[in-house]
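Everything on this sheet refers to the single structure shown next.
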Amino acid sequence: MAVRRLAPPELQPKAFAFTAENLAWSKRQIAKYPEGRQQSAVIPLLWRAQEQCGGWLPQKAIEHVAGLLGMPNIRVLEVATFYTMFNLEPIGQFHVQLCGTTPCMLRGSEQLKEICRRRLGEQHHVTVDGKFSWIEVECLAACVNAPMVQINADYYEDLTPESFEKLLDELSAGRTPKPGPQIARQFSAPFGEQITLTDAALYKRTNGAPPGGRSCASDAYVFSASIGVTGTFGPSAPASPAGVRPMRRSGPGRTGTPSALVRGTQSATAADGGTARSASATARARRTASRIPRTAHQGGWWDRPAEIAPRPGADPPNLSG
Ligand code: FES
């Protein structure tokens, strides 16, 4: 991370003021915050100032925003220098933010950096024709499509040295390349054939639920498989010796969340095992036990350690909808 300083004095404009339109917009933003909290509008106002200045924040713009919000200049400068989305020096018409964080690095961002250096010069400089500037940034949250760059407001992903060079050529020629993955891939969907979770047994239905609908049994099957518990439950599951009915929640075939199931189990454990607790808590635990699929607990799930038991007196999960 480079030190973030204001641009040198020779690049700084002598004055800055919002246009009438931007000033009206700023006042609307400020009015959104409760009395005494108007300073919370600092980021949107700085962003608007940056847009008005062609993509960077001069010192005078920072001071103007500070004046509008009644903040000391230094506080607004702290914000502007902290967030890398604020550019503190002029940028090119196309500002390339190249992600150099680990996933992108492992997938070839170093080669893209070399291309930037060769074609655009060093970071934080604008090319002579004013068209390009570039910087290396931290993760831009598109790691699944690494390596990637952000150019102005668009992401270009799944880059190779060839496609990145072509991208720069297109922009240079005044054309607008299509953002997103630069390979035959839809968004961040798997590229090529599915290679995980391909076992058809994972999707087996055990309760004859209608096609296309999710079922308690299918959800619970996947969940129980993931924790190593075998068993069948759902509307068509065999009744347990105690006659406990399979779990149902409101809505078509919903299942409880894993945590809800575990909490319910613990309530049932306490009820069955006679753990010391108030009579009302035990009654609640019993009510919960009657709503959970006991067949799913065969195999040891019943005996979860007590440290994840619900607090005495806590409401049991509502599994009945
Ligand atoms: S590491 Fe590059 S987008 Fe996350």
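Scheme for the structure tokens: letters A, B, ... for chains in order shown; per-chain residue numbers from 1; ligand numbers from 1 in order shown.
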
Selection near Ile91 in chain A, 8 Å with only C-alpha atoms, sequence-local residues under 2 positions removed, as a PyMOL selection string:
chain A and resi 54-56+87+89+93-95+124-126+132-133

Residue contacts of range 68-81 of chain A (9 Å, only C-alpha atoms) excluding same-chain residues fewer than 4 positions away, as a list in words:
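The contact residues come out as Val3, Arg4, Arg5, Leu6, Ser26, Lys27, Ile30, Gln38, Gln39, Ser40, Ala41, Val42, Ile43, Leu46, Leu57, Gln59, Ile62, Glu63, His64, Met85, Phe86, Asn87 and Leu88 of chain A.
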
Let me see if you get this right: every residue at most 10 Å from ligand 1, counting only C-alpha atoms and all ligand atoms, written as a PyMOL selection string.
chain A and resi 98-107+109+137-150+155+157

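Rounded to one decimal, CA of Gln182 in chain A and CA of Asp158 in chain A lie 5.6 Å from each other.
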
Gln29 in chain A: which residues within 8 Å, counting only C-alpha atoms, same-chain residues fewer than 4 positions away excluded, as a PyMOL selection string?
chain A and resi 25+33+41+44

Would you mind exporting C-alpha atoms of the selected residues as a PDB file, in the first residue's frame?
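Saved result, selection.pdb, follows:
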```
ATOM      1  CA  TRP A  25     -27.996  17.040  -4.152  1.00  0.00           C
ATOM      2  CA  TYR A  33     -29.216  12.070   8.704  1.00  0.00           C
ATOM      3  CA  ALA A  41     -22.716  12.368   4.802  1.00  0.00           C
ATOM      4  CA  PRO A  44     -21.213  10.587  -0.428  1.00  0.00           C
TER       5      PRO A  44
END
```

Which value, in Å to one decimal, gives the distance between CA of Ser163 in chain A and CA of Gly92 in chain A?
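Spanning CA of Ser163 in chain A to CA of Gly92 in chain A is a straight-line distance of 20.7 Å.
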
To one decimal place, how far is CA of Glu51 in chain A from CA of Phe18 in chain A in Å?
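Going from CA of Glu51 in chain A over to CA of Phe18 in chain A covers 10.6 Å.
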